[in-house]
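Chemist: run.cif is reproduced in full below (mmCIF, C-alpha atoms and all ligand atoms).
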data_query
#
loop_
_atom_site.label_atom_id
_atom_site.label_comp_id
_atom_site.auth_asym_id
_atom_site.auth_seq_id
_atom_site.Cartn_x
_atom_site.Cartn_y
_atom_site.Cartn_z
CA MET A 1 -30.01 -10.35 -75.08
CA ASP A 2 -27.52 -13.00 -73.86
CA ASP A 3 -25.94 -10.95 -71.07
CA LYS A 4 -29.35 -9.90 -69.76
CA ARG A 5 -30.66 -13.43 -69.31
CA ASN A 6 -31.19 -14.89 -65.88
CA ALA A 7 -31.38 -11.53 -64.14
CA ALA A 8 -33.78 -11.13 -61.22
CA PHE A 9 -36.25 -8.23 -61.01
CA PHE A 10 -37.98 -7.00 -57.87
CA GLY A 11 -40.41 -4.32 -56.84
CA LYS A 12 -43.01 -2.33 -58.70
CA HIS A 13 -43.63 -3.45 -62.31
CA ALA A 14 -40.92 -6.14 -62.00
CA LEU A 15 -42.40 -8.21 -64.85
CA GLU A 16 -42.80 -5.25 -67.21
CA ARG A 17 -39.24 -4.12 -66.44
CA ALA A 18 -37.92 -7.63 -67.11
CA ILE A 19 -39.64 -7.69 -70.52
CA ALA A 20 -38.34 -4.21 -71.38
CA LEU A 21 -34.76 -5.12 -70.45
CA LEU A 22 -34.86 -8.43 -72.32
CA PHE A 23 -36.69 -7.32 -75.47
CA GLY A 24 -36.31 -3.53 -75.67
CA GLN A 25 -37.67 -0.50 -73.84
CA ASP A 26 -40.71 -0.15 -76.10
CA VAL A 27 -41.77 -3.79 -75.90
CA ARG A 28 -44.91 -4.51 -73.92
CA ILE A 29 -46.99 -7.56 -73.06
CA ALA A 30 -49.74 -7.45 -75.70
CA SER A 31 -51.76 -10.42 -74.43
CA LYS A 32 -51.45 -13.52 -72.29
CA ARG A 33 -52.93 -16.96 -72.77
CA PRO A 34 -53.06 -19.63 -70.04
CA VAL A 35 -51.03 -22.81 -70.64
CA TYR A 36 -52.51 -25.79 -68.83
CA GLY A 37 -50.91 -29.03 -67.70
CA GLY A 38 -48.82 -28.02 -64.69
CA ASP A 39 -49.71 -28.92 -61.15
CA ILE A 40 -48.10 -26.21 -59.06
CA ASN A 41 -47.95 -22.91 -60.89
CA GLU A 42 -50.04 -20.81 -63.20
CA ALA A 43 -48.47 -20.78 -66.65
CA TYR A 44 -48.95 -18.38 -69.58
CA ARG A 45 -47.85 -17.72 -73.11
CA LEU A 46 -47.11 -14.00 -73.20
CA SER A 47 -47.43 -12.39 -76.63
CA LEU A 48 -45.21 -9.33 -76.83
CA SER A 49 -45.77 -6.18 -78.86
CA ASP A 50 -42.71 -6.98 -81.04
CA GLY A 51 -44.35 -10.23 -82.19
CA SER A 52 -42.30 -12.57 -79.99
CA ALA A 53 -43.60 -14.92 -77.31
CA VAL A 54 -42.39 -15.80 -73.82
CA PHE A 55 -43.36 -18.59 -71.44
CA MET A 56 -44.14 -17.43 -67.92
CA LYS A 57 -44.87 -19.35 -64.75
CA CYS A 58 -46.17 -17.41 -61.78
CA ASN A 59 -47.16 -18.04 -58.20
CA THR A 60 -47.24 -16.28 -54.84
CA LEU A 61 -44.25 -14.22 -53.63
CA GLU A 62 -43.09 -17.07 -51.36
CA ASN A 63 -42.71 -19.28 -54.40
CA LEU A 64 -39.76 -17.34 -55.77
CA SER A 65 -37.32 -19.84 -54.25
CA PHE A 66 -38.97 -22.59 -56.36
CA PHE A 67 -38.38 -20.54 -59.50
CA GLU A 68 -34.77 -19.78 -58.55
CA ALA A 69 -34.17 -23.51 -58.01
CA GLU A 70 -35.90 -24.40 -61.28
CA ALA A 71 -33.76 -21.85 -63.14
CA ARG A 72 -30.54 -23.29 -61.66
CA GLY A 73 -31.58 -26.79 -62.73
CA LEU A 74 -32.57 -25.69 -66.25
CA ASN A 75 -29.31 -23.78 -66.65
CA ALA A 76 -27.18 -26.76 -65.55
CA LEU A 77 -29.02 -29.11 -67.93
CA ARG A 78 -28.86 -26.64 -70.80
CA ARG A 79 -25.15 -26.06 -70.29
CA ALA A 80 -24.51 -29.78 -70.79
CA GLY A 81 -25.66 -29.12 -74.37
CA THR A 82 -26.95 -32.60 -75.17
CA ILE A 83 -30.74 -32.26 -75.14
CA GLY A 84 -33.32 -29.50 -75.59
CA VAL A 85 -33.83 -27.40 -72.47
CA PRO A 86 -35.63 -24.04 -72.62
CA GLN A 87 -33.50 -20.95 -72.12
CA VAL A 88 -34.24 -19.18 -68.83
CA LEU A 89 -34.81 -15.48 -69.51
CA GLY A 90 -35.42 -14.00 -66.10
CA MET A 91 -37.30 -14.20 -62.84
CA GLY A 92 -38.50 -11.95 -60.10
CA ALA A 93 -41.21 -10.78 -57.79
CA ASP A 94 -43.62 -7.88 -57.89
CA GLU A 95 -44.18 -7.31 -54.17
CA GLU A 96 -46.85 -4.72 -54.86
CA LYS A 97 -49.04 -7.04 -56.94
CA GLY A 98 -48.01 -10.03 -54.82
CA PHE A 99 -46.62 -12.54 -57.34
CA SER A 100 -43.34 -14.14 -58.34
CA PHE A 101 -42.52 -15.23 -61.87
CA LEU A 102 -40.12 -17.20 -64.05
CA LEU A 103 -39.67 -16.32 -67.73
CA MET A 104 -38.28 -18.67 -70.32
CA GLU A 105 -38.14 -19.32 -74.01
CA TYR A 106 -41.58 -20.37 -75.31
CA LEU A 107 -41.54 -23.78 -77.00
CA GLU A 108 -43.93 -23.70 -79.93
CA ALA A 109 -45.52 -27.11 -80.39
CA ALA A 110 -44.52 -29.05 -83.51
CA PRO A 111 -45.19 -32.60 -84.74
CA ARG A 112 -42.83 -35.23 -83.35
CA SER A 113 -40.09 -36.26 -85.75
CA SER A 114 -40.29 -39.91 -86.86
CA GLN A 115 -37.15 -40.56 -84.79
CA TYR A 116 -38.47 -38.76 -81.70
CA TRP A 117 -37.98 -41.61 -79.22
CA GLU A 118 -34.60 -42.75 -80.57
CA ILE A 119 -33.22 -39.22 -80.47
CA PHE A 120 -34.67 -38.63 -77.01
CA GLY A 121 -33.05 -41.85 -75.74
CA ARG A 122 -29.68 -40.94 -77.26
CA GLU A 123 -29.76 -37.35 -76.04
CA LEU A 124 -30.72 -38.30 -72.49
CA ALA A 125 -27.93 -40.89 -72.45
CA ALA A 126 -25.51 -38.21 -73.68
CA LEU A 127 -26.65 -35.97 -70.81
CA HIS A 128 -25.89 -38.79 -68.38
CA CYS A 129 -22.42 -39.19 -69.91
CA ALA A 130 -21.62 -35.46 -69.94
CA ASP A 131 -19.00 -33.90 -67.70
CA CYS A 132 -20.72 -32.81 -64.50
CA SER A 133 -17.74 -31.62 -62.51
CA GLY A 134 -18.32 -28.40 -60.62
CA LEU A 135 -22.08 -28.87 -60.27
CA THR A 136 -21.92 -29.93 -56.64
CA GLY A 137 -19.55 -27.27 -55.40
CA ALA A 138 -17.07 -24.63 -56.35
CA ASP A 139 -13.93 -26.79 -56.41
CA GLY A 140 -14.91 -28.90 -59.42
CA SER A 141 -14.75 -32.20 -57.57
CA LEU A 142 -16.97 -35.08 -58.67
CA LEU A 143 -19.50 -35.61 -55.93
CA PHE A 144 -23.17 -36.57 -55.76
CA GLY A 145 -25.73 -33.87 -54.95
CA PHE A 146 -26.00 -30.34 -56.25
CA ALA A 147 -24.64 -26.95 -55.28
CA GLU A 148 -27.98 -26.06 -53.67
CA ASP A 149 -31.10 -27.80 -52.45
CA ASN A 150 -34.10 -27.70 -54.78
CA TYR A 151 -37.62 -29.13 -54.98
CA ILE A 152 -39.21 -32.35 -56.15
CA GLY A 153 -42.79 -31.29 -56.83
CA ALA A 154 -43.64 -29.18 -53.80
CA SER A 155 -41.23 -31.04 -51.45
CA LEU A 156 -37.78 -29.86 -50.49
CA GLN A 157 -35.07 -31.98 -52.12
CA ILE A 158 -31.83 -32.04 -50.13
CA ASN A 159 -28.68 -32.06 -52.23
CA THR A 160 -25.81 -31.99 -49.70
CA PRO A 161 -22.75 -33.08 -51.73
CA MET A 162 -21.37 -36.52 -50.79
CA ASP A 163 -18.70 -38.74 -52.29
CA SER A 164 -20.77 -41.94 -52.02
CA TRP A 165 -23.89 -42.38 -54.14
CA ILE A 166 -25.32 -44.97 -51.76
CA ALA A 167 -24.81 -42.69 -48.75
CA PHE A 168 -26.32 -39.80 -50.70
CA PHE A 169 -29.37 -41.84 -51.66
CA ARG A 170 -29.79 -42.92 -48.04
CA GLU A 171 -29.23 -39.53 -46.35
CA CYS A 172 -30.62 -37.09 -48.91
CA ARG A 173 -33.27 -39.08 -50.73
CA LEU A 174 -34.87 -41.89 -48.67
CA LEU A 175 -34.33 -40.67 -45.10
CA PRO A 176 -35.96 -37.21 -45.39
CA GLN A 177 -38.99 -38.70 -47.17
CA ILE A 178 -39.32 -41.53 -44.62
CA GLN A 179 -39.22 -38.96 -41.81
CA MET A 180 -41.92 -36.90 -43.52
CA ALA A 181 -44.05 -40.03 -44.07
CA GLU A 182 -43.92 -40.95 -40.35
CA GLY A 183 -47.69 -40.67 -39.91
CA TYR A 184 -48.41 -43.12 -42.76
CA LEU A 185 -46.10 -45.91 -41.58
CA ASP A 186 -47.02 -48.78 -39.25
CA SER A 187 -44.47 -50.51 -37.00
CA ARG A 188 -43.75 -53.20 -39.60
CA MET A 189 -42.95 -50.62 -42.28
CA HIS A 190 -40.79 -48.77 -39.76
CA ARG A 191 -38.74 -51.89 -39.13
CA GLN A 192 -38.48 -52.57 -42.84
CA PHE A 193 -37.26 -49.06 -43.58
CA GLY A 194 -34.74 -49.33 -40.73
CA LYS A 195 -33.31 -52.53 -42.24
CA LEU A 196 -33.35 -51.12 -45.75
CA LEU A 197 -31.40 -48.00 -44.75
CA ASP A 198 -28.87 -50.07 -42.77
CA HIS A 199 -28.27 -52.45 -45.67
CA LEU A 200 -28.66 -50.18 -48.67
CA ASP A 201 -25.22 -51.17 -49.91
CA CYS A 202 -26.51 -54.75 -50.37
CA TYR A 203 -29.00 -53.48 -52.93
CA LEU A 204 -27.47 -50.46 -54.68
CA VAL A 205 -24.14 -49.99 -56.45
CA GLU A 206 -21.90 -46.99 -56.93
CA PRO A 207 -21.90 -45.77 -60.56
CA GLU A 208 -18.69 -45.75 -62.60
CA ALA A 209 -19.11 -41.99 -62.88
CA PRO A 210 -21.66 -39.46 -61.58
CA SER A 211 -24.29 -38.17 -64.03
CA LEU A 212 -26.26 -34.96 -64.18
CA LEU A 213 -29.92 -35.97 -63.86
CA HIS A 214 -33.12 -34.14 -64.72
CA GLY A 215 -34.40 -35.63 -61.48
CA ASP A 216 -38.16 -35.73 -62.15
CA LEU A 217 -38.46 -37.17 -65.63
CA TRP A 218 -42.01 -38.46 -65.72
CA SER A 219 -43.62 -38.25 -69.15
CA GLY A 220 -45.24 -34.82 -68.55
CA ASN A 221 -41.80 -33.23 -68.10
CA ALA A 222 -40.67 -33.98 -71.65
CA VAL A 223 -42.43 -32.22 -74.52
CA CYS A 224 -41.91 -32.03 -78.25
CA GLY A 225 -40.20 -28.74 -79.11
CA PRO A 226 -40.23 -26.71 -82.34
CA ASP A 227 -37.50 -28.98 -83.81
CA GLY A 228 -39.67 -32.10 -83.45
CA LYS A 229 -37.34 -33.40 -80.70
CA ALA A 230 -37.84 -33.93 -76.95
CA TRP A 231 -37.20 -30.98 -74.66
CA ILE A 232 -37.04 -31.51 -70.93
CA LEU A 233 -38.81 -29.22 -68.46
CA ASP A 234 -39.43 -28.62 -64.81
CA PRO A 235 -36.35 -30.39 -63.42
CA ALA A 236 -35.32 -31.36 -59.89
CA ALA A 237 -31.72 -31.56 -61.15
CA TYR A 238 -28.82 -33.11 -59.26
CA VAL A 239 -25.78 -35.29 -59.81
CA GLY A 240 -26.49 -38.95 -59.14
CA HIS A 241 -26.65 -42.45 -60.63
CA PHE A 242 -28.31 -42.47 -64.05
CA GLU A 243 -30.26 -45.59 -63.04
CA ALA A 244 -32.36 -43.42 -60.71
CA GLU A 245 -33.43 -41.34 -63.73
CA LEU A 246 -34.26 -44.41 -65.81
CA GLY A 247 -36.34 -45.77 -62.92
CA MET A 248 -38.39 -42.57 -62.88
CA THR A 249 -39.02 -42.78 -66.64
CA GLU A 250 -40.54 -46.23 -66.01
CA LEU A 251 -42.53 -45.37 -62.90
CA PHE A 252 -45.77 -44.22 -64.50
CA GLY A 253 -45.91 -46.32 -67.64
CA GLY A 254 -42.50 -45.89 -69.25
CA TYR A 255 -41.39 -44.72 -72.69
CA PRO A 256 -41.49 -46.86 -75.85
CA ALA A 257 -38.84 -49.57 -76.34
CA ALA A 258 -37.12 -47.47 -79.03
CA PHE A 259 -36.18 -44.92 -76.35
CA TYR A 260 -34.43 -47.47 -74.12
CA GLN A 261 -32.75 -49.24 -77.03
CA ALA A 262 -31.25 -45.98 -78.29
CA TYR A 263 -30.30 -45.00 -74.72
CA ARG A 264 -28.36 -48.25 -74.26
CA GLU A 265 -26.37 -47.71 -77.45
CA VAL A 266 -24.87 -44.56 -75.91
CA ASN A 267 -24.87 -45.50 -72.23
CA PRO A 268 -25.08 -49.24 -71.52
CA ILE A 269 -27.41 -50.30 -68.72
CA ASP A 270 -26.23 -53.03 -66.35
CA SER A 271 -28.62 -56.00 -66.09
CA GLY A 272 -28.74 -55.49 -62.29
CA TYR A 273 -30.65 -52.25 -62.91
CA ARG A 274 -33.90 -54.28 -63.09
CA ASP A 275 -33.40 -55.26 -59.42
CA ARG A 276 -32.59 -51.72 -58.33
CA ARG A 277 -35.13 -49.55 -60.16
CA GLU A 278 -37.95 -50.06 -57.68
CA LEU A 279 -35.70 -48.95 -54.84
CA TYR A 280 -34.99 -45.74 -56.74
CA ASN A 281 -38.70 -45.28 -57.34
CA LEU A 282 -39.37 -45.71 -53.64
CA TYR A 283 -38.09 -42.14 -53.31
CA HIS A 284 -40.68 -40.80 -55.76
CA LEU A 285 -43.49 -42.93 -54.33
CA LEU A 286 -42.68 -41.74 -50.79
CA ASN A 287 -42.75 -38.21 -52.13
CA HIS A 288 -46.16 -38.87 -53.69
CA LEU A 289 -47.33 -40.36 -50.39
CA ASN A 290 -46.19 -37.20 -48.60
CA LEU A 291 -47.69 -34.83 -51.18
CA PHE A 292 -50.88 -36.58 -52.22
CA GLY A 293 -51.75 -38.90 -49.34
CA SER A 294 -52.45 -42.50 -48.44
CA SER A 295 -53.40 -43.76 -51.91
CA TYR A 296 -49.64 -44.20 -52.47
CA ARG A 297 -49.08 -46.17 -49.25
CA GLY A 298 -49.82 -49.53 -50.91
CA SER A 299 -47.17 -48.98 -53.64
CA VAL A 300 -44.58 -48.07 -50.99
CA GLU A 301 -45.45 -51.16 -48.94
CA LYS A 302 -45.27 -53.42 -51.99
CA ILE A 303 -41.72 -52.31 -52.77
CA LEU A 304 -40.64 -52.70 -49.14
CA ASN A 305 -42.06 -56.23 -49.05
CA ARG A 306 -40.16 -57.07 -52.20
CA TYR A 307 -36.79 -56.15 -50.69
CA ILE A 308 -37.16 -56.80 -46.96
P1 LIG A 401 -45.66 -26.70 -63.01
O1 LIG A 401 -44.43 -26.01 -62.50
O2 LIG A 401 -46.92 -26.08 -62.51
O3 LIG A 401 -45.63 -28.20 -62.83
P2 LIG A 401 -45.03 -27.18 -65.79
O4 LIG A 401 -43.55 -27.02 -65.81
O5 LIG A 401 -45.54 -28.57 -65.83
O6 LIG A 401 -45.68 -26.40 -64.58
O7 LIG A 401 -45.59 -26.36 -67.03
C1 LIG A 401 -46.99 -26.10 -67.19
C2 LIG A 401 -47.38 -26.36 -68.63
O8 LIG A 401 -46.62 -25.51 -69.48
C3 LIG A 401 -47.14 -27.79 -69.11
O9 LIG A 401 -48.19 -28.15 -69.98
C4 LIG A 401 -45.86 -27.69 -69.90
O10 LIG A 401 -45.80 -28.64 -70.94
C5 LIG A 401 -45.94 -26.27 -70.48
N1 LIG A 401 -44.59 -25.67 -70.63
C6 LIG A 401 -43.60 -25.71 -69.71
N2 LIG A 401 -42.53 -25.02 -70.14
C7 LIG A 401 -42.86 -24.53 -71.37
C8 LIG A 401 -42.17 -23.71 -72.33
N3 LIG A 401 -40.94 -23.26 -72.11
N4 LIG A 401 -42.82 -23.41 -73.47
C9 LIG A 401 -44.09 -23.86 -73.70
N5 LIG A 401 -44.80 -24.61 -72.84
C10 LIG A 401 -44.19 -24.95 -71.68
#
Just dump the structure as structure tokens.
Modeler:
Amino acid sequence: MDDKRNAAFFGKHALERAIALLFGQDVRIASKRPVYGGDINEAYRLSLSDGSAVFMKCNTLENLSFFEAEARGLNALRRAGTIGVPQVLGMGADEEKGFSFLLMEYLEAAPRSSQYWEIFGRELAALHCADCSGLTGADGSLLFGFAEDNYIGASLQINTPMDSWIAFFRECRLLPQIQMAEGYLDSRMHRQFGKLLDHLDCYLVEPEAPSLLHGDLWSGNAVCGPDGKAWILDPAAYVGHFEAELGMTELFGGYPAAFYQAYREVNPIDSGYRDRRELYNLYHLLNHLNLFGSSYRGSVEKILNRYI
């Protein structure tokens, strides 16, 4: 099946043709069961007539670009080979029935291993230490960004490759979100953002080396896979500073101490990270403000007041 993975299928019976190519001409979808927990797409466990199972996300035709971007992110993370990432099987759009879809390996739930958090911490740190050359462009140079733009939730995430992390975080992370949030900001916040962007190099540091990041690693995007270990899902992958990823893991509650302790053993965390993490999370909070509305304005303002 290897060479058939990641193909795109279009037109009449695109989904059925994808299944037949991947699993065999006689294989059909026997039944489908909804999988809940996502916030953008419909998700299903497809049971196939040969006894196997496939995970499918689907949405409107226009959503295909989200699935293509998700597949690119999953493939980059999986290629690093350090942590569980589901195998993308295929994608496509059935224009006649009016839906797009993404197919991937179905992760059967299993109990967490006793070392779940330690292993997760170590494997994420190994991802952040893995070679990420070539992910931002064809020439293999080490830049920040990603070969293509993708999405953070439902928002466009700009990944224009740059050789400075601080410039990248300013131009491709904060600035687009601040521009989108225009209607939520008063004149004081405007001034504060202006100052912050002008002096970002007083607050952030360039990493020793770029890291491939999952990009949206809140707790719902890591699940226990069939091996009892953490598998990461639904990425907004790009090459950046690993501290931005750690900040996101702490944004909505954080992981247990065992995770961070194990992480540090593989990839040490500078003590200055504590002063930087809220700035990294400003990006995600601005995105939440733009996607979900003014209930996130207070958190954005609090961070601005802390720095400016
Ligand atoms: P959305 O794109 O809508 O945010 P998610 O990626 O969060 O969707 O996935 C929806 C649900 O499906 C979540 O509960 C998630 O844990 C589960 N899920 C995601 N990928 C797989 C997979 N490969 N196998 C099994 N369950 C999965």
Chemist: Residues of segment 48-72 of chain A within 8 Å of segment 21-40 of chain A: nearest atom pair and distance (Å, one decimal) for each, counting only C-alpha atoms, sorted by chain and number, as a tab-separated table?
Modeler:
residue	atom	partner	partner_atom	distance
A:Leu48	CA	A:Ile29	CA	4.5
A:Ser49	CA	A:Ala30	CA	5.2
A:Asp50	CA	A:Val27	CA	6.1
Chemist: Contacts of Glu148 of chain A at 9 Å or less, counting all atoms listed in the file, minus same-chain residues fewer than 6 places along, as a ChimeraX atom specification?
Modeler: /A:69,72,136-137,158-161
Chemist: Please measure the separation of atom CA of Tyr116 of chain A and atom CA of Asp275 of chain A, giving the value in Å to one decimal.
Modeler: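 Going from atom CA of Tyr116 of chain A over to atom CA of Asp275 of chain A covers 28.2 Å.
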Chemist: Interatomic distance between atom P2 of ligand LIG 401 (chain A) and atom CA of His241 of chain A?
Modeler: 24.4 Å
Chemist: Could the residues that lie within 7 Å of ligand LIG 401 (chain A), counting all atoms listed in the file, be listed as a PyMOL selection string?
Modeler: chain A and resi 35-43+55+86+104-108+220-221+223+233-234
Chemist: Kindly export the residues of the current selection with C-alpha atoms, as a PDB file, keeping the file's coordinate frame.
Modeler:
ATOM      1  CA  VAL A  35     -51.030 -22.810 -70.640  1.00  0.00           C
ATOM      2  CA  TYR A  36     -52.510 -25.790 -68.830  1.00  0.00           C
ATOM      3  CA  GLY A  37     -50.910 -29.030 -67.700  1.00  0.00           C
ATOM      4  CA  GLY A  38     -48.820 -28.020 -64.690  1.00  0.00           C
ATOM      5  CA  ASP A  39     -49.710 -28.920 -61.150  1.00  0.00           C
ATOM      6  CA  ILE A  40     -48.100 -26.210 -59.060  1.00  0.00           C
ATOM      7  CA  ASN A  41     -47.950 -22.910 -60.890  1.00  0.00           C
ATOM      8  CA  GLU A  42     -50.040 -20.810 -63.200  1.00  0.00           C
ATOM      9  CA  ALA A  43     -48.470 -20.780 -66.650  1.00  0.00           C
ATOM     10  CA  PHE A  55     -43.360 -18.590 -71.440  1.00  0.00           C
ATOM     11  CA  PRO A  86     -35.630 -24.040 -72.620  1.00  0.00           C
ATOM     12  CA  MET A 104     -38.280 -18.670 -70.320  1.00  0.00           C
ATOM     13  CA  GLU A 105     -38.140 -19.320 -74.010  1.00  0.00           C
ATOM     14  CA  TYR A 106     -41.580 -20.370 -75.310  1.00  0.00           C
ATOM     15  CA  LEU A 107     -41.540 -23.780 -77.000  1.00  0.00           C
ATOM     16  CA  GLU A 108     -43.930 -23.700 -79.930  1.00  0.00           C
ATOM     17  CA  GLY A 220     -45.240 -34.820 -68.550  1.00  0.00           C
ATOM     18  CA  ASN A 221     -41.800 -33.230 -68.100  1.00  0.00           C
ATOM     19  CA  VAL A 223     -42.430 -32.220 -74.520  1.00  0.00           C
ATOM     20  CA  LEU A 233     -38.810 -29.220 -68.460  1.00  0.00           C
ATOM     21  CA  ASP A 234     -39.430 -28.620 -64.810  1.00  0.00           C
TER      22      ASP A 234
END
Chemist: So that I can see what lies close to Ala181 of chain A, please list as number ranges by chain the residues with an atom at most 6 Å from it, counting only C-alpha atoms and leaving out residues fewer than 3 positions away in the same chain.
Modeler: A: 178, 184, 290
Chemist: Identify the residues around (-32.0, -38.6, -67.1) within a radius of 12 Å, measuring from all atoms listed in the file in the coordinates stated by the file, and give them as a PDB file with C-alpha atoms, in the coordinates of the input.
Modeler:
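Writing done, so here's point_30.pdb:
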ATOM      1  CA  LEU A  77     -29.020 -29.110 -67.930  1.00  0.00           C
ATOM      2  CA  THR A  82     -26.950 -32.600 -75.170  1.00  0.00           C
ATOM      3  CA  ILE A  83     -30.740 -32.260 -75.140  1.00  0.00           C
ATOM      4  CA  PHE A 120     -34.670 -38.630 -77.010  1.00  0.00           C
ATOM      5  CA  GLY A 121     -33.050 -41.850 -75.740  1.00  0.00           C
ATOM      6  CA  ARG A 122     -29.680 -40.940 -77.260  1.00  0.00           C
ATOM      7  CA  GLU A 123     -29.760 -37.350 -76.040  1.00  0.00           C
ATOM      8  CA  LEU A 124     -30.720 -38.300 -72.490  1.00  0.00           C
ATOM      9  CA  ALA A 125     -27.930 -40.890 -72.450  1.00  0.00           C
ATOM     10  CA  ALA A 126     -25.510 -38.210 -73.680  1.00  0.00           C
ATOM     11  CA  LEU A 127     -26.650 -35.970 -70.810  1.00  0.00           C
ATOM     12  CA  HIS A 128     -25.890 -38.790 -68.380  1.00  0.00           C
ATOM     13  CA  CYS A 129     -22.420 -39.190 -69.910  1.00  0.00           C
ATOM     14  CA  ALA A 130     -21.620 -35.460 -69.940  1.00  0.00           C
ATOM     15  CA  PRO A 210     -21.660 -39.460 -61.580  1.00  0.00           C
ATOM     16  CA  SER A 211     -24.290 -38.170 -64.030  1.00  0.00           C
ATOM     17  CA  LEU A 212     -26.260 -34.960 -64.180  1.00  0.00           C
ATOM     18  CA  LEU A 213     -29.920 -35.970 -63.860  1.00  0.00           C
ATOM     19  CA  HIS A 214     -33.120 -34.140 -64.720  1.00  0.00           C
ATOM     20  CA  GLY A 215     -34.400 -35.630 -61.480  1.00  0.00           C
ATOM     21  CA  ASP A 216     -38.160 -35.730 -62.150  1.00  0.00           C
ATOM     22  CA  LEU A 217     -38.460 -37.170 -65.630  1.00  0.00           C
ATOM     23  CA  TRP A 218     -42.010 -38.460 -65.720  1.00  0.00           C
ATOM     24  CA  SER A 219     -43.620 -38.250 -69.150  1.00  0.00           C
ATOM     25  CA  ASN A 221     -41.800 -33.230 -68.100  1.00  0.00           C
ATOM     26  CA  ALA A 222     -40.670 -33.980 -71.650  1.00  0.00           C
ATOM     27  CA  TRP A 231     -37.200 -30.980 -74.660  1.00  0.00           C
ATOM     28  CA  ILE A 232     -37.040 -31.510 -70.930  1.00  0.00           C
ATOM     29  CA  LEU A 233     -38.810 -29.220 -68.460  1.00  0.00           C
ATOM     30  CA  PRO A 235     -36.350 -30.390 -63.420  1.00  0.00           C
ATOM     31  CA  ALA A 236     -35.320 -31.360 -59.890  1.00  0.00           C
ATOM     32  CA  ALA A 237     -31.720 -31.560 -61.150  1.00  0.00           C
ATOM     33  CA  TYR A 238     -28.820 -33.110 -59.260  1.00  0.00           C
ATOM     34  CA  VAL A 239     -25.780 -35.290 -59.810  1.00  0.00           C
ATOM     35  CA  GLY A 240     -26.490 -38.950 -59.140  1.00  0.00           C
ATOM     36  CA  HIS A 241     -26.650 -42.450 -60.630  1.00  0.00           C
ATOM     37  CA  PHE A 242     -28.310 -42.470 -64.050  1.00  0.00           C
ATOM     38  CA  GLU A 243     -30.260 -45.590 -63.040  1.00  0.00           C
ATOM     39  CA  ALA A 244     -32.360 -43.420 -60.710  1.00  0.00           C
ATOM     40  CA  GLU A 245     -33.430 -41.340 -63.730  1.00  0.00           C
ATOM     41  CA  LEU A 246     -34.260 -44.410 -65.810  1.00  0.00           C
ATOM     42  CA  GLY A 247     -36.340 -45.770 -62.920  1.00  0.00           C
ATOM     43  CA  MET A 248     -38.390 -42.570 -62.880  1.00  0.00           C
ATOM     44  CA  THR A 249     -39.020 -42.780 -66.640  1.00  0.00           C
ATOM     45  CA  GLU A 250     -40.540 -46.230 -66.010  1.00  0.00           C
ATOM     46  CA  PHE A 259     -36.180 -44.920 -76.350  1.00  0.00           C
ATOM     47  CA  TYR A 260     -34.430 -47.470 -74.120  1.00  0.00           C
ATOM     48  CA  TYR A 263     -30.300 -45.000 -74.720  1.00  0.00           C
ATOM     49  CA  ASN A 267     -24.870 -45.500 -72.230  1.00  0.00           C
TER      50      ASN A 267
END
Chemist: From the options A:Ile269, A:Tyr255, A:Glu182, A:Arg78, which residue's atoms come nearest to Ser294 of chain A, counting all atoms listed in the file?
Modeler: A:Glu182
Chemist: Hey, can you check how far atom CA of Trp165 of chain A sits from atom CA of Leu142 of chain A?
Modeler: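 Atom CA of Trp165 of chain A sits 11.0 Å away from atom CA of Leu142 of chain A.
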Chemist: Which polymer residues have any atom within 10 Å of an atom of segment 89-91 of chain A, counting all atoms listed in the file, with same-chain residues fewer than 3 positions away left out, as a ChimeraX atom specification?
Modeler: /A:1-2,4-10,14-15,18-19,21-22,54-58,64,67-68,71,86,100-105
Chemist: Which residue, A:Arg79, A:Lys97, A:Arg112, A:Arg17, has the smallest gap to Leu135 of chain A when you use all atoms listed in the file?
Modeler: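 Between A:Arg79, A:Lys97, A:Arg112, A:Arg17, the residue approaching Leu135 of chain A most closely is A:Arg79.
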Chemist: Taking (-45.4, -36.7, -55.1) in the file's coordinates as the center, which residues reach within 6 Å of it, counting only C-alpha atoms, put as a ChimeraX atom specification?
Modeler: /A:287-288,291
Chemist: Under the rule that only C-alpha atoms are counted, which of A:Ala167, A:Leu46, A:Ile119, A:Ala154 is the nearest residue to Gly84 of chain A?
Modeler: A:Ile119
